[in-house]
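File shown: run02.txt (compact mmCIF, C-alpha atoms and all ligand atoms).
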# COMPACT_ATOMS: atom_id res chain seq x y z
CA MET A 1 0.00 0.00 0.00
CA ARG A 2 1.17 3.52 -0.73
CA ILE A 3 0.12 6.30 1.64
CA ALA A 4 0.59 9.95 0.64
CA VAL A 5 0.50 12.51 3.46
CA CYS A 6 -0.04 16.20 2.69
CA VAL A 7 1.94 18.48 4.96
CA LYS A 8 2.19 22.24 5.08
CA HIS A 9 5.12 24.41 6.12
CA VAL A 10 3.58 27.20 8.23
CA PRO A 11 5.11 30.40 9.65
CA GLU A 12 6.17 30.30 13.30
CA GLY A 13 5.38 33.08 15.75
CA PRO A 14 2.76 35.82 15.48
CA SER A 15 1.06 36.20 12.07
CA ARG A 16 1.62 39.38 10.07
CA ILE A 17 -0.10 40.34 6.85
CA ASP A 18 2.13 42.05 4.31
CA PRO A 19 0.04 45.08 3.21
CA SER A 20 1.83 45.27 -0.16
CA THR A 21 0.81 41.74 -1.23
CA LYS A 22 -2.22 41.37 1.09
CA ARG A 23 -0.81 37.95 1.94
CA LEU A 24 0.52 36.36 5.11
CA ASP A 25 4.18 37.27 5.59
CA ARG A 26 5.97 33.95 5.15
CA ALA A 27 9.51 35.36 5.10
CA GLY A 28 10.50 34.28 8.63
CA GLU A 29 11.01 30.92 10.26
CA GLY A 30 8.56 28.13 9.53
CA ALA A 31 7.76 24.65 10.80
CA LEU A 32 5.73 21.57 10.02
CA ASN A 33 2.05 22.37 10.62
CA HIS A 34 1.49 20.56 13.93
CA PHE A 35 -1.86 19.14 12.78
CA ASP A 36 0.00 17.41 9.94
CA ALA A 37 2.32 15.63 12.36
CA ASN A 38 -0.79 13.64 13.38
CA ALA A 39 -1.30 12.63 9.73
CA VAL A 40 2.35 11.58 9.36
CA GLU A 41 2.13 9.60 12.59
CA GLU A 42 -1.01 7.82 11.41
CA ALA A 43 0.59 6.93 8.08
CA LEU A 44 3.60 5.48 9.92
CA ARG A 45 1.31 3.53 12.25
CA LEU A 46 -0.58 2.07 9.27
CA LYS A 47 2.70 1.18 7.58
CA GLY A 48 4.09 -0.52 10.69
CA ASP A 49 6.62 -3.16 9.69
CA SER A 50 5.01 -3.79 6.29
CA ASP A 51 6.54 -2.87 2.94
CA SER A 52 3.99 -0.06 2.50
CA GLU A 53 5.43 3.27 1.41
CA VAL A 54 4.80 6.64 3.05
CA VAL A 55 5.38 9.71 0.88
CA ALA A 56 4.95 13.24 2.26
CA VAL A 57 3.78 15.86 -0.24
CA SER A 58 3.83 19.63 0.11
CA LEU A 59 3.26 22.78 -1.90
CA GLY A 60 5.36 25.72 -0.80
CA PRO A 61 8.63 27.60 -1.07
CA GLU A 62 11.92 25.67 -1.01
CA LYS A 63 12.25 26.15 2.73
CA ALA A 64 9.19 23.88 3.03
CA LEU A 65 11.77 21.11 2.59
CA ASP A 66 12.59 21.67 6.29
CA SER A 67 9.12 20.46 7.23
CA LEU A 68 9.29 17.60 4.75
CA ARG A 69 12.62 16.54 6.28
CA LYS A 70 10.91 16.40 9.65
CA ALA A 71 8.40 13.97 8.13
CA LEU A 72 11.36 11.94 6.80
CA ALA A 73 13.00 12.02 10.23
CA MET A 74 9.76 10.73 11.77
CA GLY A 75 9.91 7.79 9.34
CA ALA A 76 8.40 8.75 5.94
CA ASP A 77 10.16 7.02 3.03
CA ARG A 78 10.39 9.94 0.60
CA VAL A 79 9.03 13.42 -0.02
CA VAL A 80 7.72 15.48 -2.93
CA LEU A 81 7.74 19.29 -2.85
CA VAL A 82 5.91 21.33 -5.46
CA SER A 83 7.78 24.62 -5.53
CA ASP A 84 7.56 27.28 -8.17
CA ASP A 85 7.63 31.09 -7.98
CA ALA A 86 4.45 31.15 -10.05
CA ALA A 87 2.61 29.29 -7.27
CA ALA A 88 2.98 32.14 -4.72
CA GLY A 89 -0.41 33.68 -3.99
CA SER A 90 -2.37 30.48 -4.72
CA ASP A 91 -5.77 30.46 -3.05
CA LEU A 92 -7.71 27.30 -2.21
CA VAL A 93 -8.74 26.71 -5.84
CA ALA A 94 -5.18 26.95 -7.16
CA THR A 95 -3.62 25.14 -4.17
CA SER A 96 -5.98 22.19 -4.57
CA ARG A 97 -5.26 22.06 -8.32
CA LEU A 98 -1.48 21.89 -7.78
CA LEU A 99 -1.62 19.40 -4.92
CA ALA A 100 -4.08 17.17 -6.78
CA ALA A 101 -1.76 17.16 -9.80
CA ALA A 102 1.16 16.12 -7.60
CA LEU A 103 -0.93 13.46 -5.84
CA GLU A 104 -2.21 11.96 -9.13
CA ARG A 105 1.37 11.03 -9.94
CA GLN A 106 1.83 9.23 -6.63
CA GLU A 107 -1.04 6.78 -7.29
CA ALA A 108 -1.51 6.41 -3.54
CA ASP A 109 -4.12 4.04 -2.12
CA LEU A 110 -4.72 6.43 0.74
CA VAL A 111 -4.13 10.20 0.94
CA LEU A 112 -3.98 11.60 4.47
CA PHE A 113 -4.33 15.24 5.53
CA GLY A 114 -4.16 17.00 8.87
CA GLN A 115 -7.40 18.55 10.12
CA GLN A 116 -6.38 22.12 9.33
CA ALA A 117 -3.44 24.38 8.62
CA ALA A 118 -2.41 26.48 11.63
CA ASP A 119 -1.81 29.59 9.49
CA ALA A 120 -5.03 29.75 7.45
CA ASP A 121 -7.29 27.39 9.45
CA GLY A 122 -9.43 26.71 6.39
CA ALA A 123 -10.00 23.01 7.21
CA VAL A 124 -11.22 22.59 3.67
CA LEU A 125 -8.34 21.74 1.36
CA TRP A 126 -8.76 17.98 1.72
CA ALA A 127 -12.35 18.22 0.41
CA ALA A 128 -11.24 20.25 -2.62
CA VAL A 129 -8.38 17.86 -3.39
CA ALA A 130 -10.63 14.80 -3.03
CA GLU A 131 -13.14 16.38 -5.42
CA ARG A 132 -10.40 16.96 -7.99
CA LEU A 133 -9.11 13.39 -7.59
CA GLY A 134 -12.66 12.01 -7.75
CA ARG A 135 -12.13 10.08 -4.51
CA PRO A 136 -14.28 9.66 -1.41
CA VAL A 137 -13.28 11.87 1.53
CA ILE A 138 -13.76 11.43 5.28
CA SER A 139 -12.81 14.17 7.74
CA GLN A 140 -12.19 14.33 11.52
CA ALA A 141 -10.94 10.74 11.67
CA MET A 142 -10.07 9.77 15.23
CA GLU A 143 -9.61 6.08 14.45
CA LEU A 144 -8.54 4.60 11.16
CA ALA A 145 -8.30 1.02 9.89
CA VAL A 146 -7.44 -0.20 6.38
CA ASP A 147 -8.28 -3.72 5.19
CA GLY A 148 -6.83 -3.68 1.70
CA GLU A 149 -9.98 -2.73 -0.20
CA SER A 150 -11.44 -0.09 2.08
CA VAL A 151 -10.80 2.32 4.92
CA ARG A 152 -12.98 2.38 8.03
CA VAL A 153 -13.03 5.56 10.09
CA LYS A 154 -14.44 6.54 13.47
CA ARG A 155 -15.36 10.14 12.80
CA GLN A 156 -15.63 12.68 15.60
CA THR A 157 -18.73 14.89 15.41
CA GLU A 158 -20.34 17.49 17.64
CA PHE A 159 -22.85 14.92 18.84
CA GLY A 160 -20.78 11.75 19.16
CA TYR A 161 -19.19 9.45 16.59
CA ASP A 162 -19.94 8.18 13.09
CA THR A 163 -18.40 4.99 11.74
CA ILE A 164 -17.83 5.43 8.02
CA GLU A 165 -16.34 3.14 5.41
CA ALA A 166 -15.02 4.17 2.01
CA SER A 167 -13.47 2.14 -0.76
CA LEU A 168 -9.83 2.75 -1.61
CA PRO A 169 -8.35 4.86 -3.05
CA ALA A 170 -9.65 7.47 -0.62
CA VAL A 171 -8.79 10.74 1.12
CA VAL A 172 -8.93 11.02 4.93
CA ALA A 173 -8.31 14.10 7.08
CA VAL A 174 -7.32 13.04 10.59
CA SER A 175 -8.33 14.76 13.81
CA ASP A 176 -5.60 15.93 16.17
CA ALA A 177 -7.11 13.53 18.73
CA ILE A 178 -6.14 10.47 16.66
CA ASN A 179 -2.65 9.96 18.08
CA GLU A 180 0.40 11.48 19.74
CA PRO A 181 3.01 12.20 17.07
CA ARG A 182 6.45 10.72 17.74
CA TYR A 183 9.55 12.87 18.09
CA PRO A 184 12.17 12.17 15.43
CA SER A 185 15.08 10.16 16.85
CA LEU A 186 18.69 11.16 16.19
CA LYS A 187 18.96 8.10 13.90
CA GLY A 188 15.82 9.29 12.07
CA ILE A 189 17.23 12.80 11.64
CA MET A 190 20.53 11.47 10.27
CA GLY A 191 18.77 8.95 8.01
CA ALA A 192 16.43 11.61 6.59
CA LYS A 193 19.28 13.17 4.62
CA LYS A 194 19.69 10.06 2.48
CA LYS A 195 16.00 9.59 1.60
CA PRO A 196 14.64 10.77 -1.80
CA GLN A 197 13.52 14.42 -1.89
CA ASP A 198 11.90 15.41 -5.20
CA VAL A 199 11.25 19.06 -6.01
CA LEU A 200 8.78 19.58 -8.86
CA THR A 201 7.91 22.71 -10.80
CA LEU A 202 4.58 23.50 -12.43
CA ALA A 203 6.05 22.36 -15.77
CA ASP A 204 6.93 18.99 -14.20
CA LEU A 205 3.23 18.63 -13.33
CA GLY A 206 2.12 19.61 -16.83
CA LEU A 207 0.65 22.89 -15.53
CA ASP A 208 1.37 26.45 -16.60
CA GLY A 209 1.48 29.76 -14.70
CA ALA A 210 -2.12 30.59 -15.59
CA GLU A 211 -3.27 27.68 -13.40
CA ALA A 212 -1.34 28.77 -10.30
CA GLY A 213 -0.76 31.79 -8.08
CA GLU A 214 -3.05 34.78 -8.43
CA ALA A 215 -3.69 33.99 -12.10
CA GLY A 216 -5.05 30.55 -11.24
CA SER A 217 -6.98 31.63 -8.14
CA GLY A 218 -10.72 32.06 -7.86
CA THR A 219 -10.56 34.75 -5.17
CA THR A 220 -8.93 38.15 -4.81
CA VAL A 221 -8.26 39.90 -1.51
CA LEU A 222 -9.77 43.39 -1.94
CA ALA A 223 -9.08 44.96 1.44
CA LEU A 224 -7.62 44.23 4.84
CA GLY A 225 -8.60 45.81 8.14
CA GLU A 226 -7.87 45.65 11.84
CA PRO A 227 -10.42 43.85 14.03
CA PRO A 228 -12.72 46.29 15.86
CA SER A 229 -11.43 47.45 19.24
CA ARG A 230 -12.88 45.61 22.22
CA GLY A 231 -13.34 48.84 24.09
CA ASP A 232 -12.12 49.38 27.64
CA ALA A 233 -10.43 46.38 29.18
CA ARG A 234 -9.51 46.04 32.83
CA LYS A 235 -6.96 43.52 34.06
CA ILE A 236 -7.58 42.05 37.49
CA GLU A 237 -4.48 40.42 38.97
CA GLY A 238 -4.80 37.13 40.86
CA ASP A 239 -4.21 38.23 44.48
CA SER A 240 -6.56 37.62 47.44
CA ASN A 241 -8.75 40.58 46.48
CA ALA A 242 -9.27 39.38 42.88
CA ALA A 243 -12.62 37.63 43.45
CA GLN A 244 -14.10 40.71 45.14
CA ALA A 245 -12.74 42.93 42.38
CA ILE A 246 -14.49 40.76 39.74
CA VAL A 247 -17.77 40.90 41.72
CA ASP A 248 -17.48 44.71 42.03
CA PHE A 249 -16.76 44.99 38.28
CA LEU A 250 -19.80 42.87 37.32
CA ALA A 251 -21.99 44.86 39.72
CA GLU A 252 -20.72 48.12 38.23
CA LYS A 253 -21.71 46.84 34.77
CA ARG A 254 -25.11 45.85 36.19
CA LEU A 255 -24.42 42.20 35.33
CA LEU A 256 -25.13 40.96 38.87
C1 LIG B 301 -5.63 35.39 -2.23
C2 LIG B 301 -4.93 34.32 -1.47
C3 LIG B 301 -3.55 34.20 -1.58
C4 LIG B 301 -2.88 33.20 -0.88
N1 LIG B 301 -1.52 33.09 -1.00
C5 LIG B 301 -0.85 32.10 -0.38
C6 LIG B 301 0.56 31.93 -0.53
O1 LIG B 301 1.22 32.69 -1.22
N2 LIG B 301 1.16 30.89 0.13
C7 LIG B 301 0.44 30.03 0.92
O2 LIG B 301 1.02 29.08 1.50
N3 LIG B 301 -0.89 30.18 1.09
C8 LIG B 301 -1.55 31.18 0.44
N4 LIG B 301 -2.88 31.33 0.62
C9 LIG B 301 -3.55 30.40 1.49
C10 LIG B 301 -3.78 29.10 0.72
O3 LIG B 301 -4.70 29.28 -0.30
C11 LIG B 301 -4.28 28.11 1.70
O4 LIG B 301 -3.21 27.89 2.59
C12 LIG B 301 -4.66 26.79 1.04
O5 LIG B 301 -5.77 26.95 0.22
C13 LIG B 301 -4.96 25.74 2.05
O6 LIG B 301 -5.90 26.22 2.93
P1 LIG B 301 -5.58 26.19 4.46
O7 LIG B 301 -4.20 26.68 4.70
O8 LIG B 301 -6.72 26.84 5.14
O9 LIG B 301 -5.51 24.66 4.72
P2 LIG B 301 -6.54 23.73 5.42
O10 LIG B 301 -7.66 23.44 4.50
O11 LIG B 301 -6.84 24.22 6.81
O12 LIG B 301 -5.53 22.51 5.51
C14 LIG B 301 -5.98 21.20 5.69
C15 LIG B 301 -4.83 20.28 5.41
O13 LIG B 301 -4.44 20.45 4.07
C16 LIG B 301 -3.04 20.18 3.95
N5 LIG B 301 -2.40 21.36 3.35
C17 LIG B 301 -2.76 22.66 3.43
N6 LIG B 301 -1.94 23.42 2.70
C18 LIG B 301 -1.03 22.58 2.16
C19 LIG B 301 0.11 22.75 1.32
N7 LIG B 301 0.47 23.97 0.87
N8 LIG B 301 0.82 21.66 0.96
C20 LIG B 301 0.47 20.43 1.40
N9 LIG B 301 -0.58 20.20 2.19
C21 LIG B 301 -1.31 21.26 2.56
C22 LIG B 301 -2.54 19.86 5.34
O14 LIG B 301 -2.61 18.46 5.54
C23 LIG B 301 -3.56 20.56 6.22
O15 LIG B 301 -3.64 19.99 7.50
C24 LIG B 301 -3.59 32.32 -0.05
C25 LIG B 301 -4.98 32.45 0.07
C26 LIG B 301 -5.64 33.44 -0.62
C27 LIG B 301 -7.13 33.55 -0.47
Please render this file's structure as structure tokens.
Amino acid sequence: MRIAVCVKHVPEGPSRIDPSTKRLDRAGEGALNHFDANAVEEALRLKGDSDSEVVAVSLGPEKALDSLRKALAMGADRVVLVSDDAAAGSDLVATSRLLAAALERQEADLVLFGQQAADADGAVLWAAVAERLGRPVISQAMELAVDGESVRVKRQTEFGYDTIEASLPAVVAVSDAINEPRYPSLKGIMGAKKKPQDVLTLADLGLDGAEAGEAGSGTTVLALGEPPSRGDARKIEGDSNAAQAIVDFLAEKRLL
């Protein structure tokens, strides 16, 4: 079985929008989206000691290789990065097109995603990619079992659990409750350097610039604004008078 895991390289630290591009400033340090570590872990668990292959796939700038190397250090067998200047500024429509094109070539039985990306929090890309691949999709998986022909998922919902089965090949987005991702061992980190790391351009995927970046996007950011002020805020420190101070504040606001 081949398992492809989609992982995103996300900026670390506080988010800043670059007013000139109206995009998130991605110039600083980045790291593997922590929700995607759950997806890598699940792929490695499914692989176990079998001869299954785990390939991590990302779309991003070249420094996204750092996050892919973390997936290798955790135990993935190889990685594929789609990186092309023309892809900068890709919205969901363009991102899903590029990732789906890269995934088609992998011919994976199972494609895993994290539940969301910590920078954009869309929690939607997996559905768009599955639609483009024409595969069934199950989200919020908190248990996952594969029996060769199908995948069975315990899906977390607001009201309890669903048990859902889909035939392979399929797309599954895992919940962050599914597992505890392993830390890469020193041996894993050293071994990662020797594993295959493919970097593909749009041309390698048979796509052109009109299908990526702003040109290939379905949305345009028109304006950006600060969130409205929350008005007066008062900070009550946690000493022995704090409880009384909170009561006095609520009474003053006529909330008691
Ligand atoms: C106008 C516009 C311009 C944008 N420009 C950029 C840009 O220049 N660079 C940029 O990175 N984003 C850009 N974005 C955001 C980008 O479109 C989203 O990051 C993308 O559609 C995925 O959505 P999400 O991050 O909300 O992921 P979610 O839907 O929350 O992610 C779910 C899962 O999808 C997978 N995933 C998400 N993104 C990737 C990826 N890139 N590679 C592999 N797997 C992934 C992960 O498994 C993740 O857990 C732009 C958005 C807009 C609207």
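Compared by their closest atoms to Ala56 in chain A, and using only C-alpha atoms, the residues A:Ala102, A:Ala245, A:Ala108, A:Leu68 rank with A:Leu68 nearest.
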Residues of chain A within 6 Å of ligand LIG 301 (chain B): nearest atom pair and distance (Å, one decimal) for each, counting all atoms listed in the file, sorted by chain and number, as JSON lines?
{"residue": "A:Cys6", "atom": "CA", "partner": "B:LIG301", "partner_atom": "N9", "distance": 4.1}
{"residue": "A:Val7", "atom": "CA", "partner": "B:LIG301", "partner_atom": "N9", "distance": 4.1}
{"residue": "A:Lys8", "atom": "CA", "partner": "B:LIG301", "partner_atom": "C19", "distance": 4.3}
{"residue": "A:Arg23", "atom": "CA", "partner": "B:LIG301", "partner_atom": "N1", "distance": 5.7}
{"residue": "A:Phe35", "atom": "CA", "partner": "B:LIG301", "partner_atom": "O15", "distance": 5.6}
{"residue": "A:Asp36", "atom": "CA", "partner": "B:LIG301", "partner_atom": "O15", "distance": 5.1}
{"residue": "A:Val57", "atom": "CA", "partner": "B:LIG301", "partner_atom": "C20", "distance": 5.9}
{"residue": "A:Ser58", "atom": "CA", "partner": "B:LIG301", "partner_atom": "C20", "distance": 3.7}
{"residue": "A:Leu59", "atom": "CA", "partner": "B:LIG301", "partner_atom": "N8", "distance": 3.9}
{"residue": "A:Gly60", "atom": "CA", "partner": "B:LIG301", "partner_atom": "N7", "distance": 5.5}
{"residue": "A:Ala88", "atom": "CA", "partner": "B:LIG301", "partner_atom": "O1", "distance": 4.0}
{"residue": "A:Gly89", "atom": "CA", "partner": "B:LIG301", "partner_atom": "N1", "distance": 3.2}
{"residue": "A:Ser90", "atom": "CA", "partner": "B:LIG301", "partner_atom": "N1", "distance": 4.6}
{"residue": "A:Asp91", "atom": "CA", "partner": "B:LIG301", "partner_atom": "O3", "distance": 3.2}
{"residue": "A:Leu92", "atom": "CA", "partner": "B:LIG301", "partner_atom": "O5", "distance": 3.1}
{"residue": "A:Thr95", "atom": "CA", "partner": "B:LIG301", "partner_atom": "O5", "distance": 5.2}
{"residue": "A:Phe113", "atom": "CA", "partner": "B:LIG301", "partner_atom": "O14", "distance": 3.7}
{"residue": "A:Gly114", "atom": "CA", "partner": "B:LIG301", "partner_atom": "O15", "distance": 3.3}
{"residue": "A:Gln115", "atom": "CA", "partner": "B:LIG301", "partner_atom": "O15", "distance": 4.8}
{"residue": "A:Gln116", "atom": "CA", "partner": "B:LIG301", "partner_atom": "O11", "distance": 3.3}
{"residue": "A:Ala117", "atom": "CA", "partner": "B:LIG301", "partner_atom": "O11", "distance": 3.9}
{"residue": "A:Ala120", "atom": "CA", "partner": "B:LIG301", "partner_atom": "O8", "distance": 4.1}
{"residue": "A:Asp121", "atom": "CA", "partner": "B:LIG301", "partner_atom": "O11", "distance": 4.1}
{"residue": "A:Gly122", "atom": "CA", "partner": "B:LIG301", "partner_atom": "O8", "distance": 3.0}
{"residue": "A:Ala123", "atom": "CA", "partner": "B:LIG301", "partner_atom": "O11", "distance": 3.4}
{"residue": "A:Val124", "atom": "CA", "partner": "B:LIG301", "partner_atom": "O10", "distance": 3.8}
{"residue": "A:Leu125", "atom": "CA", "partner": "B:LIG301", "partner_atom": "O10", "distance": 3.6}
{"residue": "A:Trp126", "atom": "CA", "partner": "B:LIG301", "partner_atom": "O13", "distance": 5.5}
{"residue": "A:Thr219", "atom": "CA", "partner": "B:LIG301", "partner_atom": "C1", "distance": 5.8}
{"residue": "A:Thr220", "atom": "CA", "partner": "B:LIG301", "partner_atom": "C1", "distance": 5.0}
{"residue": "A:Val221", "atom": "CA", "partner": "B:LIG301", "partner_atom": "C1", "distance": 5.3}
(request) Could you tell me how far CA of Lys63 in chain A lies from CA of Val40 in chain A, in Å and to one decimal? (result) 18.8 Å
Taking 4 positions as the minimum chain separation for residues in the same chain, which residues sit within 8 Å of range 76-80 of chain A when counting all atoms listed in the file? Answer as a PDB file with C-alpha atoms, in the frame of the given file.
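So the final result, stored in part17.pdb, reads:
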ATOM      1  CA  VAL A  40       2.350  11.580   9.360  1.00  0.00           C
ATOM      2  CA  LEU A  44       3.600   5.480   9.920  1.00  0.00           C
ATOM      3  CA  GLU A  53       5.430   3.270   1.410  1.00  0.00           C
ATOM      4  CA  VAL A  54       4.800   6.640   3.050  1.00  0.00           C
ATOM      5  CA  VAL A  55       5.380   9.710   0.880  1.00  0.00           C
ATOM      6  CA  ALA A  56       4.950  13.240   2.260  1.00  0.00           C
ATOM      7  CA  VAL A  57       3.780  15.860  -0.240  1.00  0.00           C
ATOM      8  CA  SER A  58       3.830  19.630   0.110  1.00  0.00           C
ATOM      9  CA  LEU A  68       9.290  17.600   4.750  1.00  0.00           C
ATOM     10  CA  ARG A  69      12.620  16.540   6.280  1.00  0.00           C
ATOM     11  CA  ALA A  71       8.400  13.970   8.130  1.00  0.00           C
ATOM     12  CA  LEU A  72      11.360  11.940   6.800  1.00  0.00           C
ATOM     13  CA  LYS A 195      16.000   9.590   1.600  1.00  0.00           C
ATOM     14  CA  PRO A 196      14.640  10.770  -1.800  1.00  0.00           C
ATOM     15  CA  GLN A 197      13.520  14.420  -1.890  1.00  0.00           C
ATOM     16  CA  ASP A 198      11.900  15.410  -5.200  1.00  0.00           C
ATOM     17  CA  VAL A 199      11.250  19.060  -6.010  1.00  0.00           C
ATOM     18  CA  LEU A 200       8.780  19.580  -8.860  1.00  0.00           C
TER      19      LEU A 200
END
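Shortest separation to Leu144 in chain A among A:Ala223, A:Pro11, A:Glu42, A:Leu98 occurs at residue A:Glu42, atoms counted being only C-alpha atoms.
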(message) Residues near His9 in chain A, anyone? I mean within 8 Å using all atoms listed in the file, not counting same-chain ones fewer than 3 positions away, as a PyMOL selection string.
(response) chain A and resi 30-33+58+60+64+66-67
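From CA of Asp208 in chain A back to CA of Asp84 in chain A, the distance works out to 10.5 Å.
If you measure from each of A:Val247, A:Leu99, A:Leu65, A:Val111 to Ala39 in chain A using only C-alpha atoms, the closest one turns out to be A:Val111.
Taking CA of Thr163 in chain A and CA of Val151 in chain A as the two end points, the separation is 10.6 Å.
Nearest residue to Ala127 in chain A, choosing from A:Lys194, A:Arg26, A:Arg97, A:Arg182 and counting all atoms listed in the file: A:Arg97.
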